[in-house]
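Next comes start_14.cif, with mmCIF, C-alpha atoms.
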```
data_data
loop_
_atom_site.label_atom_id
_atom_site.label_comp_id
_atom_site.auth_asym_id
_atom_site.auth_seq_id
_atom_site.Cartn_x
_atom_site.Cartn_y
_atom_site.Cartn_z
CA MET A 1 81.45 105.59 94.99
CA ALA A 2 83.85 105.37 97.91
CA THR A 3 86.96 105.47 95.71
CA ILE A 4 86.06 108.85 94.22
CA ASP A 5 85.21 110.13 97.71
CA LEU A 6 88.65 109.07 98.89
CA ILE A 7 90.43 110.70 95.93
CA VAL A 8 88.63 114.03 96.45
CA LEU A 9 88.95 114.01 100.26
CA GLY A 10 92.62 113.04 99.99
CA MET A 11 93.40 115.95 97.70
CA LEU A 12 91.55 118.37 99.96
CA LYS A 13 93.37 116.97 102.99
CA LYS A 14 96.58 118.27 101.45
CA GLU A 15 95.22 121.72 100.53
CA PRO A 16 92.00 123.62 99.82
CA MET A 17 91.08 123.73 96.13
CA SER A 18 88.23 124.16 93.68
CA ALA A 19 86.51 121.28 91.90
CA TYR A 20 88.24 122.52 88.74
CA ASP A 21 91.64 122.27 90.46
CA ILE A 22 90.81 118.77 91.72
CA GLN A 23 89.77 117.71 88.23
CA LYS A 24 92.98 119.18 86.73
CA LEU A 25 95.05 117.31 89.32
CA VAL A 26 93.21 114.08 88.47
CA GLU A 27 94.10 114.69 84.81
CA TYR A 28 97.70 115.70 85.54
CA ARG A 29 98.32 112.65 87.70
CA ASN A 30 96.44 110.43 85.23
CA ILE A 31 94.35 109.08 88.09
CA SER A 32 91.49 108.30 85.72
CA ARG A 33 93.71 105.66 84.07
CA TRP A 34 93.85 103.69 87.34
CA VAL A 35 90.59 104.58 89.10
CA LYS A 36 87.17 105.08 87.54
CA ILE A 37 86.77 108.82 87.89
CA SER A 38 85.59 111.34 85.31
CA THR A 39 85.44 115.13 85.09
CA PRO A 40 81.68 115.31 85.76
CA SER A 41 82.04 112.92 88.70
CA VAL A 42 84.54 115.26 90.39
CA TYR A 43 82.10 118.18 90.28
CA LYS A 44 79.16 116.02 91.39
CA LYS A 45 81.24 114.48 94.14
CA ALA A 46 82.26 117.89 95.50
CA ILE A 47 78.59 118.88 95.79
CA GLN A 48 77.66 115.56 97.45
CA LEU A 49 80.55 115.74 99.92
CA GLU A 50 79.56 119.29 100.82
CA GLU A 51 75.93 118.21 101.37
CA LYS A 52 77.17 115.46 103.71
CA GLY A 53 79.26 117.97 105.67
CA PHE A 54 82.62 116.43 104.74
CA ILE A 55 83.84 119.52 102.92
CA LYS A 56 83.03 123.21 103.19
CA ALA A 57 82.71 125.59 100.25
CA ASP A 58 83.95 129.17 100.31
CA ILE A 59 83.42 131.61 97.46
CA ILE A 60 86.73 133.33 96.69
CA LYS A 61 87.32 136.33 94.43
CA THR A 62 90.88 137.29 93.55
CA GLY A 63 91.47 140.55 91.72
CA LYS A 64 89.54 140.76 88.48
CA MET A 65 89.18 136.98 88.24
CA PRO A 66 85.67 135.55 88.45
CA GLU A 67 84.51 134.09 91.74
CA LYS A 68 85.33 130.46 92.37
CA THR A 69 84.28 127.94 94.95
CA VAL A 70 87.17 126.60 97.00
CA TYR A 71 86.60 123.51 99.14
CA THR A 72 88.24 122.65 102.45
CA LEU A 73 88.03 119.50 104.52
CA THR A 74 85.87 119.65 107.66
CA ASP A 75 86.53 117.67 110.84
CA ALA A 76 83.85 115.20 109.69
CA GLY A 77 85.67 115.04 106.34
CA GLU A 78 88.94 114.20 108.11
CA LYS A 79 87.20 111.32 109.90
CA GLU A 80 85.54 110.14 106.67
CA PHE A 81 88.91 110.25 104.89
CA GLU A 82 90.48 108.01 107.53
CA ARG A 83 87.47 105.68 107.59
CA LEU A 84 87.62 105.27 103.80
CA MET A 85 91.39 104.70 103.87
CA PHE A 86 90.98 101.76 106.23
CA GLU A 87 87.78 100.46 104.61
CA ILE A 88 89.18 100.40 101.08
CA ALA A 89 92.58 99.06 102.18
CA ALA A 90 90.80 96.13 103.91
CA LYS A 91 88.65 95.16 100.89
CA PRO A 92 89.52 92.13 98.77
CA ILE A 93 91.36 93.15 95.63
CA HIS A 94 89.59 92.74 92.28
CA ILE A 95 91.37 93.32 89.02
CA PHE A 96 88.95 94.07 86.23
CA LEU A 97 90.35 93.95 82.73
CA ASP A 98 87.78 94.79 80.08
CA PHE A 99 89.59 92.71 77.47
CA ASN A 100 88.81 89.53 79.44
CA ALA A 101 85.30 89.77 77.95
CA VAL A 102 86.99 89.29 74.58
CA ILE A 103 89.21 86.44 75.80
CA VAL A 104 86.32 84.36 77.17
CA ASN A 105 84.50 84.72 73.84
CA LEU A 106 87.39 84.04 71.45
CA ASP A 107 86.13 80.57 70.63
CA SER A 108 83.05 82.16 69.02
CA LEU A 109 85.16 83.79 66.29
CA THR A 110 86.92 82.50 63.21
CA PRO A 111 90.64 81.73 63.68
CA ASP A 112 91.65 84.88 61.78
CA HIS A 113 89.38 87.05 63.91
CA GLN A 114 90.59 85.35 67.09
CA LYS A 115 94.18 86.16 66.14
CA LEU A 116 93.25 89.76 65.27
CA CYS A 117 91.55 90.30 68.64
CA VAL A 118 94.55 88.95 70.57
CA GLU A 119 96.91 91.08 68.46
CA ASN A 120 94.80 94.19 69.15
CA ILE A 121 94.93 93.53 72.89
CA GLU A 122 98.68 92.96 72.64
CA LYS A 123 99.16 96.27 70.76
CA ASN A 124 97.23 98.13 73.45
CA VAL A 125 99.29 96.50 76.21
CA ILE A 126 102.52 97.46 74.41
CA SER A 127 101.22 101.02 73.98
CA LEU A 128 100.32 101.27 77.67
CA LYS A 129 103.72 99.89 78.64
CA GLY A 130 105.44 102.54 76.50
CA TYR A 131 103.30 105.27 78.06
CA LEU A 132 104.14 104.07 81.59
CA GLU A 133 107.86 103.77 80.87
CA GLN A 134 107.94 107.28 79.39
CA ASN A 135 105.89 108.68 82.27
CA LEU A 136 108.23 107.11 84.81
CA ARG A 137 111.32 108.46 83.03
CA GLU A 138 109.82 111.96 82.85
CA LYS A 139 108.75 112.04 86.49
CA GLU A 140 111.41 110.04 88.33
CA ASN A 141 113.65 113.04 89.06
CA ILE A 142 110.94 115.62 89.74
CA PRO A 143 110.86 116.23 93.51
CA GLU A 144 107.28 117.59 93.46
CA ILE A 145 105.93 114.22 92.29
CA PRO A 146 104.85 112.33 95.43
CA GLU A 147 106.58 109.00 95.99
CA THR A 148 103.12 107.45 96.35
CA GLY A 149 102.30 108.56 92.79
CA MET A 150 105.53 107.04 91.51
CA ALA A 151 104.68 103.83 93.38
CA VAL A 152 101.37 103.58 91.50
CA LEU A 153 103.14 104.11 88.17
CA ARG A 154 105.66 101.36 89.02
CA GLN A 155 102.79 99.08 90.12
CA GLN A 156 100.99 99.64 86.82
CA LEU A 157 104.19 98.88 84.88
CA VAL A 158 104.63 95.60 86.75
CA LEU A 159 101.00 94.65 85.99
CA VAL A 160 101.39 95.54 82.30
CA GLU A 161 104.59 93.50 82.07
CA ALA A 162 102.77 90.54 83.64
CA ILE A 163 99.89 90.91 81.13
CA GLU A 164 102.45 91.13 78.31
CA LYS A 165 104.00 87.79 79.42
CA TRP A 166 100.52 86.29 79.77
CA ILE A 167 99.61 87.31 76.20
CA SER A 168 102.81 85.70 74.90
CA SER A 169 101.97 82.46 76.70
CA LEU A 170 98.36 82.67 75.45
CA LYS A 171 99.55 83.00 71.86
CA ILE A 172 101.86 79.98 72.31
CA GLU A 173 99.05 77.98 73.91
CA PHE A 174 96.72 78.91 71.07
CA SER A 175 99.26 78.03 68.38
CA LYS A 176 99.82 74.59 69.99
CA GLY A 177 96.19 73.98 70.86
CA ARG A 178 94.42 74.77 67.61
CA SER A 179 91.96 72.08 66.82
CA GLU A 180 91.54 70.45 63.43
CA ASN A 181 89.21 73.26 62.35
CA GLY A 182 91.96 75.82 63.14
CA GLU A 183 90.15 77.50 66.03
CA TYR A 184 91.71 78.38 69.36
CA PRO A 185 90.75 76.07 72.21
CA SER A 186 87.81 77.08 74.34
CA THR A 187 88.82 79.62 76.99
CA ALA A 188 86.01 78.70 79.36
CA HIS A 189 87.25 76.20 81.93
#
```
What does this structure look like when you write it as structure tokens?
Amino acid sequence: MATIDLIVLGMLKKEPMSAYDIQKLVEYRNISRWVKISTPSVYKKAIQLEEKGFIKADIIKTGKMPEKTVYTLTDAGEKEFERLMFEIAAKPIHIFLDFNAVIVNLDSLTPDHQKLCVENIEKNVISLKGYLEQNLREKENIPEIPETGMAVLRQQLVLVEAIEKWISSLKIEFSKGRSENGEYPSTAH
């Protein structure tokens, strides 16, 4: 997947590191919350990028520590990084929200279950908003946090706030639009 390639190449563009270090940075920066990337995919991706000649592996041994493989970007990797930056930036934007699969099927549930599903989604949105607000507060005055990382956190907060408003309007629409049998109106238009 091009997105994972870009994440890995981008980290290696800044400094050489092991797949373990890349994976830890993905965790620390919470990148997996915004981009589909998992721990196994980081390790697999490092091997694939090396096979393609985009990164080079060096075995390093420091003191009594076990050997580790440290990756560096090659010239071809630099070019691939730039190509991916422009390719991905030029793609149409798609926002996939897993809970939309629930929304389009609400009319297949009883009114009580419909309400419960919407409330569960709302709780998760509120939880995510709290996490983002806390994360922003904790990181806003730390100079080592890249401004680009803070921009993504602010972007996610804006999106969550928009979803929160949407859920409120959905609940109002549903409460007004319940049919005689008490069900929410069909969500398929």
Exercise. Apply the PyMOL selection byres ((chain A and resi 85-99) around 8) to the displayed file and report the matching residues as a list in words.
Key: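 Given this file, the PyMOL selection byres ((chain A and resi 85-99) around 8) evaluates to Ala2, Thr3, Leu6, Phe81, Glu82, Arg83, Leu84, Asn100, Ala101, Val102, Ile103 and Ile121 of chain A.
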Quiz item: If you measure from atom CA of A:Gln156 to atom CA of A:Glu133, what distance in Å do you get, rounded to one decimal?
Solution: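 Pair atom CA of A:Gln156 / atom CA of A:Glu133 returns 10.0 Å.
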Report as a PDB file with C-alpha atoms, in the frame of the given file the full result of the PyMOL selection byres ((chain A and resi 55) around 8) when it is applied to this structure.
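Generated output (selection.pdb):
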```pdb
ATOM      1  CA  LEU A   9      88.950 114.010 100.260  1.00  0.00           C
ATOM      2  CA  ALA A  46      82.260 117.890  95.500  1.00  0.00           C
ATOM      3  CA  LEU A  49      80.550 115.740  99.920  1.00  0.00           C
ATOM      4  CA  GLU A  50      79.560 119.290 100.820  1.00  0.00           C
ATOM      5  CA  LYS A  52      77.170 115.460 103.710  1.00  0.00           C
ATOM      6  CA  GLY A  53      79.260 117.970 105.670  1.00  0.00           C
ATOM      7  CA  PHE A  54      82.620 116.430 104.740  1.00  0.00           C
ATOM      8  CA  LYS A  56      83.030 123.210 103.190  1.00  0.00           C
ATOM      9  CA  ALA A  57      82.710 125.590 100.250  1.00  0.00           C
ATOM     10  CA  TYR A  71      86.600 123.510  99.140  1.00  0.00           C
ATOM     11  CA  THR A  72      88.240 122.650 102.450  1.00  0.00           C
ATOM     12  CA  LEU A  73      88.030 119.500 104.520  1.00  0.00           C
ATOM     13  CA  THR A  74      85.870 119.650 107.660  1.00  0.00           C
ATOM     14  CA  GLY A  77      85.670 115.040 106.340  1.00  0.00           C
TER      15      GLY A  77
END
```
Self-check item: Which of A:Tyr28, A:Gly63, A:Arg33, A:Glu140 sits closest to A:Leu128 [using only C-alpha atoms]
Solution: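 Looking only at the distances to A:Leu128, the closest residue turns out to be A:Arg33.
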Quiz item: Separation of atom CA of A:Ala151 and atom CA of A:Lys139, in Å?
Solution: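 Separation of atom CA of A:Ala151 and atom CA of A:Lys139: 11.5 Å.
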